[in-house]
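Engineer: What follows is query10.cif, made up of mmCIF, C-alpha atoms:
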data_work
loop_
_atom_site.group_PDB
_atom_site.id
_atom_site.type_symbol
_atom_site.label_atom_id
_atom_site.label_comp_id
_atom_site.auth_asym_id
_atom_site.auth_seq_id
_atom_site.Cartn_x
_atom_site.Cartn_y
_atom_site.Cartn_z
ATOM 1 C CA MET A 1 -10.781 9.329 18.901
ATOM 2 C CA LYS A 2 -9.338 5.905 19.496
ATOM 3 C CA ILE A 3 -7.801 4.661 16.251
ATOM 4 C CA VAL A 4 -6.523 1.087 16.023
ATOM 5 C CA VAL A 5 -3.975 0.512 13.256
ATOM 6 C CA ILE A 6 -3.729 -3.084 12.046
ATOM 7 C CA GLY A 7 -0.204 -3.465 10.708
ATOM 8 C CA GLY A 8 0.687 -0.526 12.922
ATOM 9 C CA THR A 9 4.324 -1.526 13.363
ATOM 10 C CA GLY A 10 5.144 -1.620 9.631
ATOM 11 C CA LEU A 11 6.327 0.960 7.095
ATOM 12 C CA ILE A 12 2.968 2.686 6.591
ATOM 13 C CA GLY A 13 1.331 1.768 9.884
ATOM 14 C CA SER A 14 4.045 3.212 12.120
ATOM 15 C CA GLN A 15 3.808 6.518 10.263
ATOM 16 C CA VAL A 16 -0.001 6.547 10.520
ATOM 17 C CA VAL A 17 0.256 5.954 14.266
ATOM 18 C CA ALA A 18 2.666 8.872 14.654
ATOM 19 C CA LEU A 19 0.509 11.212 12.553
ATOM 20 C CA VAL A 20 -2.766 10.589 14.371
ATOM 21 C CA ARG A 21 -1.051 10.811 17.755
ATOM 22 C CA ALA A 22 0.401 14.169 16.731
ATOM 23 C CA ASN A 23 -3.170 15.345 16.178
ATOM 24 C CA GLY A 24 -4.165 14.358 19.690
ATOM 25 C CA HIS A 25 -5.879 11.039 19.025
ATOM 26 C CA GLU A 26 -5.228 7.752 20.795
ATOM 27 C CA ALA A 27 -3.479 5.451 18.320
ATOM 28 C CA VAL A 28 -3.028 1.761 19.053
ATOM 29 C CA PRO A 29 -0.619 -0.201 16.824
ATOM 30 C CA ALA A 30 -1.835 -3.789 16.384
ATOM 31 C CA ALA A 31 0.234 -6.571 14.856
ATOM 32 C CA PRO A 32 1.260 -10.140 15.668
ATOM 33 C CA SER A 33 4.179 -8.683 17.654
ATOM 34 C CA THR A 34 1.650 -6.905 19.913
ATOM 35 C CA GLY A 35 -0.510 -10.025 20.314
ATOM 36 C CA VAL A 36 -3.045 -9.212 17.585
ATOM 37 C CA ASP A 37 -3.405 -11.521 14.585
ATOM 38 C CA ALA A 38 -6.163 -10.538 12.186
ATOM 39 C CA VAL A 39 -5.781 -13.725 10.134
ATOM 40 C CA THR A 40 -6.575 -16.007 13.088
ATOM 41 C CA GLY A 41 -8.620 -13.437 14.993
ATOM 42 C CA GLU A 42 -6.366 -13.722 18.039
ATOM 43 C CA GLY A 43 -6.503 -10.593 20.200
ATOM 44 C CA LEU A 44 -8.836 -8.701 17.864
ATOM 45 C CA ALA A 45 -11.801 -8.264 20.209
ATOM 46 C CA ARG A 46 -9.572 -6.792 22.904
ATOM 47 C CA ALA A 47 -7.718 -4.575 20.437
ATOM 48 C CA VAL A 48 -10.797 -2.942 18.896
ATOM 49 C CA GLU A 49 -12.750 -2.547 22.125
ATOM 50 C CA GLY A 50 -13.723 1.112 22.463
ATOM 51 C CA ALA A 51 -12.251 1.998 19.054
ATOM 52 C CA ASP A 52 -13.866 4.654 16.891
ATOM 53 C CA VAL A 53 -11.812 3.790 13.797
ATOM 54 C CA VAL A 54 -9.868 0.757 12.602
ATOM 55 C CA VAL A 55 -7.212 1.257 9.935
ATOM 56 C CA ASP A 56 -5.969 -1.822 8.057
ATOM 57 C CA VAL A 57 -2.562 -1.389 6.423
ATOM 58 C CA SER A 58 -1.447 -4.978 7.003
ATOM 59 C CA ASN A 59 0.115 -6.927 4.159
ATOM 60 C CA SER A 60 0.326 -10.553 3.201
ATOM 61 C CA PRO A 61 3.735 -12.127 3.858
ATOM 62 C CA SER A 62 3.389 -13.868 0.493
ATOM 63 C CA PHE A 63 2.680 -12.315 -2.916
ATOM 64 C CA ASP A 64 1.569 -15.683 -4.303
ATOM 65 C CA ALA A 65 -2.091 -15.801 -5.261
ATOM 66 C CA GLY A 66 -3.342 -18.499 -2.872
ATOM 67 C CA PRO A 67 -1.660 -17.369 0.353
ATOM 68 C CA ALA A 68 -2.411 -13.697 -0.386
ATOM 69 C CA LEU A 69 -6.095 -14.439 -0.996
ATOM 70 C CA ASP A 70 -6.284 -16.401 2.249
ATOM 71 C CA PHE A 71 -4.548 -13.637 4.195
ATOM 72 C CA PHE A 72 -6.644 -10.738 2.928
ATOM 73 C CA THR A 73 -10.045 -12.419 2.991
ATOM 74 C CA ARG A 74 -9.675 -14.015 6.411
ATOM 75 C CA SER A 75 -8.219 -10.903 8.005
ATOM 76 C CA ALA A 76 -10.954 -8.689 6.506
ATOM 77 C CA ARG A 77 -13.725 -11.004 7.728
ATOM 78 C CA HIS A 78 -12.285 -11.266 11.232
ATOM 79 C CA LEU A 79 -11.651 -7.547 11.464
ATOM 80 C CA CYS A 80 -15.091 -6.511 10.297
ATOM 81 C CA ALA A 81 -16.817 -9.029 12.568
ATOM 82 C CA ALA A 82 -14.885 -7.716 15.570
ATOM 83 C CA GLU A 83 -15.678 -4.142 14.538
ATOM 84 C CA ARG A 84 -19.410 -4.824 14.294
ATOM 85 C CA GLU A 85 -19.363 -6.396 17.744
ATOM 86 C CA ALA A 86 -17.456 -3.431 19.197
ATOM 87 C CA GLY A 87 -19.505 -0.743 17.443
ATOM 88 C CA VAL A 88 -16.586 0.638 15.431
ATOM 89 C CA ARG A 89 -17.928 3.390 13.178
ATOM 90 C CA HIS A 90 -15.254 3.574 10.460
ATOM 91 C CA HIS A 91 -13.006 1.030 8.718
ATOM 92 C CA VAL A 92 -10.152 2.404 6.582
ATOM 93 C CA VAL A 93 -8.217 0.065 4.304
ATOM 94 C CA LEU A 94 -5.175 0.736 2.127
ATOM 95 C CA SER A 95 -5.328 -0.753 -1.372
ATOM 96 C CA ILE A 96 -3.646 -0.275 -4.753
ATOM 97 C CA ILE A 97 -4.505 1.859 -7.784
ATOM 98 C CA GLY A 98 -5.531 -0.267 -10.757
ATOM 99 C CA VAL A 99 -6.042 -3.294 -8.532
ATOM 100 C CA ASP A 100 -9.339 -4.243 -10.207
ATOM 101 C CA GLN A 101 -7.897 -4.005 -13.725
ATOM 102 C CA VAL A 102 -5.202 -6.708 -13.541
ATOM 103 C CA PRO A 103 -7.162 -9.978 -13.230
ATOM 104 C CA ASP A 104 -4.180 -12.114 -14.212
ATOM 105 C CA TYR A 105 -2.134 -11.009 -11.177
ATOM 106 C CA GLY A 106 -3.108 -13.132 -8.180
ATOM 107 C CA TYR A 107 -1.965 -10.695 -5.506
ATOM 108 C CA TYR A 108 -4.153 -7.982 -7.016
ATOM 109 C CA ARG A 109 -7.134 -10.359 -7.152
ATOM 110 C CA ALA A 110 -6.578 -10.947 -3.442
ATOM 111 C CA LYS A 111 -6.661 -7.212 -2.745
ATOM 112 C CA VAL A 112 -9.895 -6.913 -4.744
ATOM 113 C CA ALA A 113 -11.398 -9.667 -2.579
ATOM 114 C CA GLN A 114 -10.319 -7.729 0.521
ATOM 115 C CA GLU A 115 -12.045 -4.595 -0.776
ATOM 116 C CA GLU A 116 -15.206 -6.570 -1.523
ATOM 117 C CA ALA A 117 -15.242 -8.042 1.980
ATOM 118 C CA VAL A 118 -14.984 -4.549 3.460
ATOM 119 C CA ARG A 119 -17.756 -3.195 1.230
ATOM 120 C CA GLY A 120 -20.095 -6.010 2.212
ATOM 121 C CA SER A 121 -19.308 -5.925 5.928
ATOM 122 C CA GLY A 122 -21.913 -3.428 7.063
ATOM 123 C CA VAL A 123 -19.221 -1.269 8.717
ATOM 124 C CA PRO A 124 -18.906 2.259 7.239
ATOM 125 C CA TYR A 125 -15.636 2.347 5.324
ATOM 126 C CA SER A 126 -13.120 4.314 3.291
ATOM 127 C CA ILE A 127 -10.792 2.697 0.743
ATOM 128 C CA VAL A 128 -7.539 4.513 -0.045
ATOM 129 C CA ARG A 129 -5.904 3.255 -3.233
ATOM 130 C CA ALA A 130 -2.257 4.278 -3.670
ATOM 131 C CA THR A 131 0.406 3.753 -6.299
ATOM 132 C CA GLN A 132 3.648 1.896 -5.577
ATOM 133 C CA PHE A 133 5.951 3.290 -2.890
ATOM 134 C CA PHE A 134 9.363 4.798 -3.622
ATOM 135 C CA GLU A 135 10.722 2.363 -1.048
ATOM 136 C CA PHE A 136 9.863 -0.567 -3.357
ATOM 137 C CA ILE A 137 12.048 0.562 -6.270
ATOM 138 C CA ALA A 138 15.410 -0.625 -4.880
ATOM 139 C CA PRO A 139 14.086 -4.077 -3.825
ATOM 140 C CA VAL A 140 12.543 -4.593 -7.279
ATOM 141 C CA MET A 141 15.888 -3.650 -8.831
ATOM 142 C CA ASN A 142 17.664 -6.158 -6.608
ATOM 143 C CA MET A 143 15.203 -8.859 -7.651
ATOM 144 C CA THR A 144 15.972 -8.340 -11.321
ATOM 145 C CA THR A 145 19.756 -7.893 -11.087
ATOM 146 C CA GLU A 146 21.869 -10.307 -13.112
ATOM 147 C CA GLY A 147 25.566 -9.638 -12.582
ATOM 148 C CA ALA A 148 26.104 -5.944 -13.270
ATOM 149 C CA GLU A 149 22.809 -5.557 -15.150
ATOM 150 C CA VAL A 150 19.461 -4.521 -13.698
ATOM 151 C CA ARG A 151 16.817 -5.842 -16.064
ATOM 152 C CA LEU A 152 13.600 -3.819 -15.888
ATOM 153 C CA PRO A 153 10.532 -3.426 -18.099
ATOM 154 C CA SER A 154 9.259 -0.053 -19.297
ATOM 155 C CA THR A 155 5.992 -0.503 -17.379
ATOM 156 C CA ARG A 156 4.759 2.954 -16.368
ATOM 157 C CA LEU A 157 4.379 3.767 -12.688
ATOM 158 C CA ARG A 158 3.563 6.922 -10.767
ATOM 159 C CA PRO A 159 5.260 6.016 -7.486
ATOM 160 C CA MET A 160 4.980 7.993 -4.270
ATOM 161 C CA ALA A 161 6.686 8.343 -0.911
ATOM 162 C CA SER A 162 5.379 6.116 1.874
ATOM 163 C CA ALA A 163 5.124 9.270 4.010
ATOM 164 C CA ASP A 164 2.597 10.696 1.536
ATOM 165 C CA VAL A 165 0.640 7.415 1.572
ATOM 166 C CA ALA A 166 0.577 7.437 5.372
ATOM 167 C CA ALA A 167 -0.607 11.049 5.402
ATOM 168 C CA ALA A 168 -3.546 10.199 3.131
ATOM 169 C CA VAL A 169 -4.478 7.167 5.232
ATOM 170 C CA ALA A 170 -4.262 9.207 8.450
ATOM 171 C CA GLU A 171 -6.415 11.920 6.890
ATOM 172 C CA ALA A 172 -9.051 9.355 5.937
ATOM 173 C CA ALA A 173 -8.986 7.865 9.437
ATOM 174 C CA GLN A 174 -9.612 11.241 11.028
ATOM 175 C CA GLY A 175 -12.469 12.069 8.644
ATOM 176 C CA GLU A 176 -15.903 10.660 8.018
ATOM 177 C CA PRO A 177 -16.423 7.352 6.165
ATOM 178 C CA SER A 178 -16.737 7.903 2.421
ATOM 179 C CA ASP A 179 -18.162 4.449 1.633
ATOM 180 C CA GLY A 180 -16.064 4.795 -1.506
ATOM 181 C CA ILE A 181 -12.557 4.960 -2.946
ATOM 182 C CA ARG A 182 -9.994 7.761 -2.845
ATOM 183 C CA GLU A 183 -7.071 7.444 -5.254
ATOM 184 C CA ILE A 184 -3.657 8.930 -4.503
ATOM 185 C CA ALA A 185 -0.562 8.915 -6.690
ATOM 186 C CA GLY A 186 2.896 10.380 -7.059
ATOM 187 C CA PRO A 187 3.498 13.620 -8.976
ATOM 188 C CA GLU A 188 5.247 12.097 -12.003
ATOM 189 C CA ALA A 189 4.938 8.979 -14.172
ATOM 190 C CA TYR A 190 8.037 7.037 -15.242
ATOM 191 C CA GLY A 191 8.870 3.789 -16.925
ATOM 192 C CA LEU A 192 10.244 1.357 -14.359
ATOM 193 C CA ASP A 193 13.458 1.132 -16.361
ATOM 194 C CA ARG A 194 13.796 4.920 -16.148
ATOM 195 C CA LEU A 195 13.253 4.767 -12.388
ATOM 196 C CA GLY A 196 16.151 2.317 -12.233
ATOM 197 C CA GLU A 197 18.349 4.707 -14.201
ATOM 198 C CA ILE A 198 17.436 7.623 -11.921
ATOM 199 C CA THR A 199 18.208 5.488 -8.866
ATOM 200 C CA LEU A 200 21.638 4.448 -10.126
ATOM 201 C CA ALA A 201 22.488 7.994 -11.239
ATOM 202 C CA ALA A 202 21.833 9.172 -7.675
ATOM 203 C CA LYS A 203 23.480 6.162 -6.028
ATOM 204 C CA PRO A 204 25.893 4.520 -8.487
ATOM 205 C CA ASP A 205 26.975 1.008 -7.547
ATOM 206 C CA GLY A 206 28.463 -0.304 -10.779
ATOM 207 C CA ARG A 207 25.192 -1.649 -12.176
ATOM 208 C CA THR A 208 23.509 -0.496 -15.368
ATOM 209 C CA VAL A 209 19.877 -0.782 -16.435
ATOM 210 C CA VAL A 210 18.858 -2.929 -19.383
ATOM 211 C CA THR A 211 15.277 -2.639 -20.603
ATOM 212 C CA ASP A 212 13.708 -6.095 -20.568
ATOM 213 C CA GLU A 213 9.932 -6.301 -20.946
ATOM 214 C CA THR A 214 9.893 -9.820 -19.445
ATOM 215 C CA ALA A 215 11.769 -9.041 -16.212
ATOM 216 C CA GLY A 216 10.418 -8.841 -12.713
ATOM 217 C CA PRO A 217 6.981 -8.640 -11.081
ATOM 218 C CA PHE A 218 5.773 -5.686 -13.194
ATOM 219 C CA ALA A 219 6.519 -7.314 -16.551
ATOM 220 C CA GLY A 220 3.562 -7.230 -18.904
ATOM 221 C CA MET A 221 1.404 -5.107 -16.621
ATOM 222 C CA PRO A 222 -1.204 -3.040 -18.484
ATOM 223 C CA ASP A 223 -0.931 0.737 -18.241
ATOM 224 C CA VAL A 224 -3.237 1.015 -15.218
ATOM 225 C CA LEU A 225 -0.750 1.489 -12.372
ATOM 226 C CA THR A 226 0.041 5.179 -12.828
ATOM 227 C CA GLY A 227 -2.994 6.697 -11.210
ATOM 228 C CA ASP A 228 -3.410 9.023 -14.175
ATOM 229 C CA GLY A 229 -6.453 11.088 -13.310
ATOM 230 C CA ALA A 230 -6.196 10.273 -9.597
ATOM 231 C CA ALA A 231 -8.079 12.603 -7.293
ATOM 232 C CA HIS A 232 -4.941 13.568 -5.397
ATOM 233 C CA LEU A 233 -1.314 13.805 -6.526
ATOM 234 C CA ALA A 234 1.307 13.922 -3.780
ATOM 235 C CA SER A 235 4.068 16.523 -3.973
ATOM 236 C CA THR A 236 7.221 14.509 -3.173
ATOM 237 C CA ARG A 237 9.324 13.844 -6.298
ATOM 238 C CA TYR A 238 11.407 10.665 -6.562
ATOM 239 C CA GLU A 239 14.646 12.541 -7.236
ATOM 240 C CA ASP A 240 14.123 14.705 -4.143
ATOM 241 C CA TRP A 241 13.263 11.671 -2.023
ATOM 242 C CA LEU A 242 16.403 9.853 -3.185
ATOM 243 C CA ARG A 243 18.591 12.733 -2.021
ATOM 244 C CA GLN A 244 17.134 12.389 1.478
ATOM 245 C CA HIS A 245 17.394 8.594 1.730
#
Render the structure in this file as structure tokens.
Structural biologist:
Amino acid sequence: MKIVVIGGTGLIGSQVVALVRANGHEAVPAAPSTGVDAVTGEGLARAVEGADVVVDVSNSPSFDAGPALDFFTRSARHLCAAEREAGVRHHVVLSIIGVDQVPDYGYYRAKVAQEEAVRGSGVPYSIVRATQFFEFIAPVMNMTTEGAEVRLPSTRLRPMASADVAAAVAEAAQGEPSDGIREIAGPEAYGLDRLGEITLAAKPDGRTVVTDETAGPFAGMPDVLTGDGAAHLASTRYEDWLRQH
């Protein structure tokens, strides 16, 4: 198959490209750096020509509600229109577990709008909803660091390795459209403050964690981000991943 990966040069996309190529498929990474811009539509028709599957793992450069909504809705509309014209038979999009249960968070509302655009496009689709990536933990800690303190809420997460996310997306791309949602999550649930403690125990840098329910982007989030009851739990544990990174 020819599989076009929108966002194919990023963290998840580059891994998806490698995985589907390893299985003998033609994988085409598409991103602004390769001349393809899904938001404006530039280069899309050429990129998806002859494609069997289009995978969208692109991400908004802004987490603010307005810009994120514009990014996800425009890119989804342009992508699906180009896919219909080219006869693409399967659209795979990466989304977030619990995304439809946090209406007060603008970025999540934008992802819901993206999902809705895909569902209404007329192109057969599969939605893969994942929990937060292990790779996000350190940047979140840096965002909430004040002096030698890392201030983190106890919001529960069930994070997972980006490699496990990419594997699930690649599997969906190589399968038949589900016209539904598959949920994937990490093997264990932790409070975000506990994740910070585990991180600093493995890689001490002089900082300590202080539990602060008002700190950072996950403050006040309802308990919907863990993927409890998800259809598939990945095997990679955070502690094991930390030892390898």
Engineer: Once the PyMOL selection byres ((chain A and resi 150) around 6) has been evaluated on this model, what residues remain selected, and can you format them as a PyMOL selection string?
Structural biologist: chain A and resi 144-145+149+151+208-210
Engineer: Which of these residues is nearest to A:Arg158, using all atoms listed in the file: A:Tyr238, A:Tyr125, A:Phe72, A:Phe218?
Structural biologist: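 Of the candidates, the smallest distance to A:Arg158 is held by A:Tyr238.
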Engineer: Counting all atoms listed in the file, find residues at most 12 Å from (8.8, 4.3, -18.0) (file frame) and give them as a tab-separated table (two decimals) with C-alpha atoms, in the frame of the given file.
Structural biologist:
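Done, and the output landed in point30.tsv:
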chain	number	residue	atom	x	y	z
A	152	LEU	CA	13.60	-3.82	-15.89
A	153	PRO	CA	10.53	-3.43	-18.10
A	154	SER	CA	9.26	-0.05	-19.30
A	155	THR	CA	5.99	-0.50	-17.38
A	156	ARG	CA	4.76	2.95	-16.37
A	157	LEU	CA	4.38	3.77	-12.69
A	158	ARG	CA	3.56	6.92	-10.77
A	159	PRO	CA	5.26	6.02	-7.49
A	188	GLU	CA	5.25	12.10	-12.00
A	189	ALA	CA	4.94	8.98	-14.17
A	190	TYR	CA	8.04	7.04	-15.24
A	191	GLY	CA	8.87	3.79	-16.92
A	192	LEU	CA	10.24	1.36	-14.36
A	193	ASP	CA	13.46	1.13	-16.36
A	194	ARG	CA	13.80	4.92	-16.15
A	195	LEU	CA	13.25	4.77	-12.39
A	196	GLY	CA	16.15	2.32	-12.23
A	197	GLU	CA	18.35	4.71	-14.20
A	198	ILE	CA	17.44	7.62	-11.92
A	211	THR	CA	15.28	-2.64	-20.60
A	212	ASP	CA	13.71	-6.10	-20.57
A	213	GLU	CA	9.93	-6.30	-20.95
A	218	PHE	CA	5.77	-5.69	-13.19
A	219	ALA	CA	6.52	-7.31	-16.55
A	223	ASP	CA	-0.93	0.74	-18.24
A	225	LEU	CA	-0.75	1.49	-12.37
A	226	THR	CA	0.04	5.18	-12.83
Engineer: Nearest residue to A:Arg21 out of A:Ser235, A:Ser75, A:Ser62, A:Gln174, using all atoms listed in the file?
Structural biologist: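 Among the listed residues, the smallest separation from A:Arg21 belongs to A:Gln174.
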Engineer: List, as a VMD selection string, every residue that the PyMOL selection byres ((chain A and resi 162) around 9) selects in the file provided.
Structural biologist: chain A and resid 11 to 12 15 132 to 135 160 to 161 163 to 167
Engineer: Got a sec: who's within 10 Å of A:Thr199, counting all atoms listed in the file, leaving out chain neighbours fewer than 6 positions off, as a ChimeraX atom specification?
Structural biologist: /A:137-138,141,193,205,209,238-239,242-243
Engineer: Which value, in Å to one decimal, gives the distance between atom CA of A:Ser58 and atom CA of A:Thr214?
Structural biologist: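 Rounded to one decimal, the two atoms are 29.2 Å apart.
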Engineer: Applying the PyMOL selection byres ((chain A and resi 79) around 9) to the file I just gave you, which residues come out? Please list them as a PyMOL selection string.
Structural biologist: chain A and resi 38-39+41+44-45+48+54+56+74-78+80-84
Engineer: Provide an axis-aligned box for all listed atoms of stretch 182-186 of chain A, padding each side by 8 Å; report its centre and its edge lengths in Å to one decimal, as AutoDock Vina command-line options.
Structural biologist:
--center_x -3.5 --center_y 8.9 --center_z -5.0 --size_x 28.9 --size_y 18.9 --size_z 20.2
Engineer: As an exercise, work out the distance from atom CA of A:Asn59 to atom CA of A:Gly98 in Å and give it to one decimal place.
Structural biologist: 17.3 Å
Engineer: Can you work out the spacing between atom CA of A:Gly220 and atom CA of A:Ile96 in Å, to one decimal?
Structural biologist: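 Those two atoms sit 17.3 Å apart.
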Engineer: I'd like the neighbourhood of stretch 109-122 of chain A as a ChimeraX atom specification, where a residue qualifies if any of its atoms comes within 7 Å (using only C-alpha atoms), though same-chain residues fewer than 2 positions away should be ignored.
Structural biologist: /A:65,68-69,72-73,76-77,80,95,99-100,103,105-107,124
